[in-house]
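*Asks:* First, the structure itself, so that you have it in front of you.
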Amino acid sequence: MSNIRKAFADGKAFIPFITCGDPDLETTAAVVRSAAENGADLIELGIPFSDPTAEGPVIQGANLRALQGGVTTDRIFSMVRELRKDVSVPMVFMTYANVVFSYGADRFIETCREIGIDGLILPDLPFEEKEEFQPICERCGVDLVSLIAPTSENRIAMIAREAEGFLYIVSSLGVTGVRNEIKTDLASIIKVVRENTDVPCAIGFGISTPEQAARMAELSDGAIVGSAIIRILEKYGKEAPVHVGAYVKEMKDAVARCGR
Amino acid sequence: MSNPNGRFGIHGGQYIPETLMNAVIELEEAYNHYKNDPAFKEELSALFNDYAGRPSRLYYAGKMTEDLGGARIYLKREDLNHTGAHKINNVLGQALLAKKMGKTRLIAETGAGQHGVATATAAALMGMECVVFMGEEDTIRQALNVYRMRLLGATVIPVKTGTATLKDAVSEAMREWTSRISDTHYCLGSVMGPHPFPTIVRDFQAVISQEIKDQLLQKEGRLPDAVIACVGGGSNAIGSFYHFIEDKDVRLIGCEAAGRGVDTFETAATIATGRVGIFHGMKSYFCQDEDGQIAPVYSISAGLDYPGVGPEHAWLHDTGRAEYVPVTDDEAVEAFEYLSRTEGIIPAIESAHAVSYAMKLAPQMEKDRIIVITISGRGDKDCAAIARYRGEDIHE
């Protein structure tokens, strides 16, 4: 069983997203520890990209701050290597195809395996282009996570059948960011997913409150939260770890109440 | 790959969010249907001829030829098209296609503003809503075009992220498209982005090389020795090259914006200074740092101020079929002034990059040789900026 599957083995999962290096890597490492201690089941680590076309203003801002702070791919690898000495929670990288491609896909994905990164989420790598990295991921035992969107319709079954690790269900049209309301008929999407795979699926984009997280976890196997956490980092900077921890605990409790 | 037509060698592809995949698939299916539909072709041809003013003239630049003392120089006058640039060719095609697909809203990015103006024009003509994303920096450099777009009924949204130029306008237009797809067509302005855009835009711009071929055969009874065009994303260049790609004796030369020089960081010469990457939906050459972060680029020309190049150009470069040369701000401004004085034609500062290289090349060629330069747009929009470059502050 891949490490990612373990994140879903104990009931509904709560999955926080953190942009590495916002405001610096020491804070990122502390936030990861705090999230893990407070019940995060899987952690998405964002490697910043200069032009994150799938992100809304909040995560765009985090990318910018991280890059201005001088973060590089190698420094992020070092941080993860250090974290892995005592943090066992499953972790995946979320970044853009060019960050992997430009580093050298082989070298990037082999390093992921070496430092204990369990998967890779690339929002600009759809099903049709996954051959770019899939064979290397397979060889290295790093799950290449697929996304399903509200517009996927006739593509859901095809994507689900080849899914690995977990399926990232995009809750709404548009980019990442907090939303008041999620209107997509997620139940129908997840029904098709379940008919085609036993890989767990988690919902992300637009989730910020415990109520939303609980509702999403009821429909699926877990909830992913990014922008709401980045806002805490924006507000508290280096003091953010304790606040992120408290938030993660609240959110994890909410999804856990949805049962298994 | 399931979609071999989306590739030019290793370049091209569809590196976009899943949210947009069905939209580009639907676009490809519609395009494949309509491109061979006689009624569509007839309608587009009528728009090209009666509305945009095609065919554009192929003008023998006698004074320039005499002055440079080498090859005979012809100018392909895309600047004479309605709205003043080649951009209208692509936009009329895409707007008509979008209309047939039942879309009621066009969104677009723009750099110099020419593509935005063309899109706003087509939207006005066809009764569609129009929203144009333009880097805030460019809204200042090209204030006149912002006014033109608003006059035509479009909403112009200044983009403040990143370098606030063309690349950021593309990113923002893509973000907008993921949030509203059902009634909206993204009218991409160059031969870039995910498949099928590089092919669709190329096909609509290929009218340029078809006309050059026909017109030159009529005037000179033969093909040109060189075709020269400026390259940002590369739409006027691919349009100028396309029907000559199989004519191996015709040199195809793309002129990139070198800004302050290819040995500086203030450049936008992608093929000269970039390397292969994946961005804005395509694999191609990009200006980027060693971590794959897209580099802030610079050129005096807002229309060439882009860190990438269309995938078909990347492939023409890889195969050696086309040559790509850098032209600096200084050289382009000199050519801008030269063509104005010599032929009484004020070219767009973008097109002036092509004129500049022709000024170097023509004297090295025999007098019986022929060069065609594509004047992709007219330079009225640039006059205030060039005056400033020369230290003169004029009010538009």
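Residues are referred to by chain and number: the chain letter is A, B, ... according to the order shown in the structure tokens, the number counts from 1 in that chain, and ligands are numbered separately from 1 in the order shown.
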If we count only C-alpha atoms, what is near range 34-36 of chain A at a cut-off of 7 Å, once residues fewer than 6 positions away on the same chain are taken out, given as a VMD selection string?

*Replies:* chain A and resid 89 241 to 242 244 to 245 248

*Asks:* Counting only C-alpha atoms, a student should be able to say which residues of chain A come within 7 Å of chain B; what is the right answer, written as a list of chain:residue names?

*Replies:* A:Phe49, A:Ser50, A:Thr53, A:Ala54, A:Thr72, A:Thr73, A:Ala97, A:Asn98, A:Val99, A:Phe101, A:Ser102, A:Tyr103, A:Pro123, A:Asp124, A:Leu125, A:Pro126, A:Glu128, A:Glu129, A:Leu147, A:Ile148, A:Ala149, A:Pro150, A:Thr151, A:Ser152, A:Leu173, A:Gly174, A:Val175

*Asks:* Quick one: DSSP alpha helix (DSSP H) residues in range 156-387 of chain B, as a ChimeraX atom specification?

*Replies:* /B:166-179,197-205,207-220,235-241,270-273,311-318,329-343,349-361,383-387

*Asks:* Please write the residues from the selection above to a file, keeping C-alpha atoms, as a compact mmCIF listing (two decimals), in the first residue's frame.

*Replies:*
# COMPACT_ATOMS: atom_id res chain seq x y z
CA LEU B 166 1.80 40.22 -21.51
CA LYS B 167 2.69 36.98 -19.68
CA ASP B 168 0.64 38.04 -16.68
CA ALA B 169 -2.26 39.02 -18.94
CA VAL B 170 -2.19 35.50 -20.45
CA SER B 171 -2.14 33.93 -16.96
CA GLU B 172 -5.06 36.05 -15.85
CA ALA B 173 -7.08 35.28 -18.99
CA MET B 174 -6.48 31.57 -18.39
CA ARG B 175 -7.64 31.94 -14.79
CA GLU B 176 -10.76 33.74 -15.96
CA TRP B 177 -11.48 31.01 -18.50
CA THR B 178 -11.34 28.28 -15.81
CA SER B 179 -13.97 30.18 -13.85
CA PHE B 197 -4.60 27.20 -30.31
CA PRO B 198 -1.17 27.17 -32.03
CA THR B 199 -2.72 25.37 -35.00
CA ILE B 200 -5.93 27.41 -35.18
CA VAL B 201 -4.15 30.75 -34.94
CA ARG B 202 -1.56 29.64 -37.49
CA ASP B 203 -4.23 28.57 -39.94
CA PHE B 204 -6.07 31.90 -39.67
CA GLN B 205 -2.80 33.84 -40.07
CA VAL B 207 -3.47 33.90 -45.31
CA ILE B 208 -0.42 36.21 -45.09
CA SER B 209 2.01 33.76 -46.71
CA GLN B 210 -0.60 32.57 -49.20
CA GLU B 211 -1.07 36.14 -50.38
CA ILE B 212 2.69 36.90 -50.43
CA LYS B 213 3.18 33.86 -52.64
CA ASP B 214 0.40 34.76 -55.06
CA GLN B 215 1.28 38.46 -55.19
CA LEU B 216 5.00 37.92 -55.66
CA LEU B 217 4.46 35.31 -58.37
CA GLN B 218 2.36 37.89 -60.15
CA LYS B 219 4.86 40.72 -59.72
CA GLU B 220 8.18 38.87 -60.05
CA SER B 235 1.65 34.74 -35.00
CA ASN B 236 2.53 37.14 -37.81
CA ALA B 237 5.78 35.28 -38.37
CA ILE B 238 4.16 31.84 -38.63
CA GLY B 239 1.50 33.38 -40.87
CA SER B 240 4.25 34.80 -43.09
CA PHE B 241 6.29 31.56 -43.11
CA THR B 270 13.45 33.58 -26.07
CA ILE B 271 15.19 31.40 -28.62
CA ALA B 272 18.51 33.22 -28.16
CA THR B 273 18.48 33.08 -24.35
CA PRO B 311 5.76 25.70 -30.28
CA GLU B 312 5.87 25.61 -34.08
CA HIS B 313 8.64 28.23 -34.06
CA ALA B 314 10.50 26.17 -31.45
CA TRP B 315 10.27 23.24 -33.84
CA LEU B 316 11.30 25.30 -36.91
CA HIS B 317 14.31 26.38 -34.85
CA ASP B 318 15.15 22.81 -33.77
CA ASP B 329 15.57 48.28 -28.77
CA ASP B 330 18.09 50.70 -30.30
CA GLU B 331 18.12 48.89 -33.63
CA ALA B 332 14.33 48.67 -33.72
CA VAL B 333 13.89 52.37 -32.97
CA GLU B 334 16.36 53.25 -35.73
CA ALA B 335 14.43 51.07 -38.17
CA PHE B 336 11.15 52.64 -37.00
CA GLU B 337 12.53 56.05 -37.92
CA TYR B 338 14.21 54.81 -41.10
CA LEU B 339 11.10 53.30 -42.66
CA SER B 340 9.07 56.39 -41.74
CA ARG B 341 11.57 58.69 -43.46
CA THR B 342 12.44 56.47 -46.40
CA GLU B 343 9.08 55.07 -47.46
CA ILE B 349 7.71 49.04 -33.14
CA GLU B 350 7.21 45.25 -33.21
CA SER B 351 7.46 45.18 -37.03
CA ALA B 352 10.43 47.55 -36.87
CA HIS B 353 12.43 44.64 -35.42
CA ALA B 354 11.95 42.85 -38.76
CA VAL B 355 12.75 45.98 -40.75
CA SER B 356 15.98 46.36 -38.78
CA TYR B 357 17.24 42.91 -39.67
CA ALA B 358 16.33 43.44 -43.33
CA MET B 359 18.43 46.61 -43.28
CA LYS B 360 21.42 44.46 -42.28
CA LEU B 361 20.67 41.61 -44.65
CA CYS B 383 4.77 57.39 -31.51
CA ALA B 384 4.52 58.73 -27.95
CA ALA B 385 6.72 55.94 -26.56
CA ILE B 386 9.38 56.36 -29.25
CA ALA B 387 9.37 60.13 -28.71

*Asks:* Taking the DSSP assignment computed from this structure's backbone, write out as a ChimeraX atom specification all residues of range 82-243 of chain A that belong to strand (DSSP E or B).

*Replies:* /A:91-94,119-121,143-148,167-170,201-204,222-225

*Asks:* With C-alpha atoms retained, write the just-selected residues as a PDB file, in the first residue's frame.

*Replies:*
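Final file, part.pdb:
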ATOM      1  CA  MET A  91       3.602  14.254   2.254  1.00  0.00           C
ATOM      2  CA  VAL A  92       3.188  15.217  -1.385  1.00  0.00           C
ATOM      3  CA  PHE A  93       4.568  18.071  -3.452  1.00  0.00           C
ATOM      4  CA  MET A  94       2.200  20.348  -5.309  1.00  0.00           C
ATOM      5  CA  GLY A 119       3.330  11.877  -4.361  1.00  0.00           C
ATOM      6  CA  LEU A 120       3.242  14.698  -6.839  1.00  0.00           C
ATOM      7  CA  ILE A 121       0.318  16.988  -7.745  1.00  0.00           C
ATOM      8  CA  ASP A 143       2.242   8.564  -6.840  1.00  0.00           C
ATOM      9  CA  LEU A 144       1.305  11.015  -9.597  1.00  0.00           C
ATOM     10  CA  VAL A 145      -2.009  12.371  -8.290  1.00  0.00           C
ATOM     11  CA  SER A 146      -4.739  13.091 -10.849  1.00  0.00           C
ATOM     12  CA  LEU A 147      -7.312  15.860 -10.637  1.00  0.00           C
ATOM     13  CA  ILE A 148     -10.992  15.765 -11.572  1.00  0.00           C
ATOM     14  CA  LEU A 167      -7.871  11.606  -6.504  1.00  0.00           C
ATOM     15  CA  TYR A 168      -8.010  15.361  -6.098  1.00  0.00           C
ATOM     16  CA  ILE A 169     -11.585  16.471  -6.772  1.00  0.00           C
ATOM     17  CA  VAL A 170     -11.709  20.170  -7.673  1.00  0.00           C
ATOM     18  CA  CYS A 201     -10.739  10.855  -3.235  1.00  0.00           C
ATOM     19  CA  ALA A 202     -10.520  14.169  -1.437  1.00  0.00           C
ATOM     20  CA  ILE A 203     -12.154  17.486  -2.293  1.00  0.00           C
ATOM     21  CA  GLY A 204     -10.292  20.782  -2.496  1.00  0.00           C
ATOM     22  CA  GLY A 222     -11.333  13.904   2.865  1.00  0.00           C
ATOM     23  CA  ALA A 223     -11.046  17.662   2.595  1.00  0.00           C
ATOM     24  CA  ILE A 224      -8.111  19.720   1.285  1.00  0.00           C
ATOM     25  CA  VAL A 225      -7.561  23.276   2.508  1.00  0.00           C
TER      26      VAL A 225
END

*Asks:* Work out how far CA of Asp10 in chain A is from CA of Ala240 in chain A, in Å to one decimal.

*Replies:*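 Value for the CA of Ala240 in chain A-CA of Asp10 in chain A distance: 27.5 Å.
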
*Asks:* Residues near Ala157 in chain A, anyone? I mean within 7 Å using only C-alpha atoms, not counting same-chain ones fewer than 4 positions away, as a PDB file with N, CA and C atoms, in the first residue's frame.

*Replies:*
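The resulting part_10.pdb:
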ATOM      1  N   ARG A 161      -9.906   5.460 -13.464  1.00  0.00           N
ATOM      2  CA  ARG A 161      -9.381   4.106 -13.692  1.00  0.00           C
ATOM      3  C   ARG A 161      -7.857   4.044 -13.578  1.00  0.00           C
ATOM      4  N   VAL A 192     -19.359   8.318  -9.937  1.00  0.00           N
ATOM      5  CA  VAL A 192     -18.635   7.767 -11.088  1.00  0.00           C
ATOM      6  C   VAL A 192     -17.224   7.345 -10.687  1.00  0.00           C
ATOM      7  N   VAL A 193     -16.588   8.153  -9.829  1.00  0.00           N
ATOM      8  CA  VAL A 193     -15.252   7.793  -9.345  1.00  0.00           C
ATOM      9  C   VAL A 193     -15.299   6.430  -8.664  1.00  0.00           C
ATOM     10  N   ASN A 196     -15.338   3.333 -10.641  1.00  0.00           N
ATOM     11  CA  ASN A 196     -14.175   3.046 -11.473  1.00  0.00           C
ATOM     12  C   ASN A 196     -12.866   2.810 -10.741  1.00  0.00           C
TER      13      ASN A 196
END

*Asks:* Which is closer to Arg215 in chain A than all the others in A:Arg155, A:Lys249, A:Lys12, A:Arg75, using only C-alpha atoms?

*Replies:* A:Lys12

*Asks:* Which value, in Å to one decimal, gives the distance between CA of Arg77 in chain B and CA of Phe286 in chain B?

*Replies:*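 Distance between the two atoms: 29.6 Å.
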
*Asks:* Interatomic distance between CA of Ala246 in chain A and CA of Ala40 in chain A?

*Replies:*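 CA of Ala40 in chain A lies at a distance of 11.2 Å from CA of Ala246 in chain A.
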
*Asks:* Quick one: everything within 6 Å of Thr95 in chain A, counting only C-alpha atoms, minus sequence neighbours fewer than 5 positions away in the same chain. Send it as a list in words.

*Replies:* Gly46, Ile47 and Leu122 of chain A

*Asks:* Filtering to N, CA and C atoms, could you give me those residues as a PDB file, in the first residue's frame?

*Replies:*
ATOM      1  N   GLY A  46       3.621  22.966  -1.181  1.00  0.00           N
ATOM      2  CA  GLY A  46       3.693  23.682  -2.455  1.00  0.00           C
ATOM      3  C   GLY A  46       5.109  24.150  -2.722  1.00  0.00           C
ATOM      4  N   ILE A  47       5.651  23.796  -3.888  1.00  0.00           N
ATOM      5  CA  ILE A  47       6.921  24.391  -4.320  1.00  0.00           C
ATOM      6  C   ILE A  47       6.537  25.610  -5.152  1.00  0.00           C
ATOM      7  N   LEU A 122       0.394  18.030  -9.931  1.00  0.00           N
ATOM      8  CA  LEU A 122       0.768  19.062 -10.896  1.00  0.00           C
ATOM      9  C   LEU A 122      -0.502  19.542 -11.600  1.00  0.00           C
TER      10      LEU A 122
END

*Asks:* Rank nothing, just name the residue among B:Leu252, B:Ala52, B:Met149, B:Ala226 nearest to Thr110 in chain B, using only C-alpha atoms.

*Replies:*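 Closest to Thr110 in chain B of all the choices is B:Met149.
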
*Asks:* Name the closest residue to Asp138 in chain B among the candidates B:Ala118, B:Ala302, B:Ala154, B:Ala362; distances are taken between atoms, counting only C-alpha atoms.

*Replies:*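 Of the candidates, the smallest distance to Asp138 in chain B is held by B:Ala302.
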
*Asks:* From the options B:Gly377, B:Gly233, B:Pro224, B:Gly259, which residue's atoms come nearest to Ile300 in chain B, counting only C-alpha atoms?

*Replies:*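 Closest residue, counting only C-alpha atoms: B:Gly259.
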
*Asks:* Can you work out which one of B:Gly6, B:Gly303, B:Gly261, B:Gly102 has the shortest atom-to-atom distance to Arg141 in chain B, counting only C-alpha atoms?

*Replies:*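 Distance minimum relative to Arg141 in chain B lands on B:Gly303.
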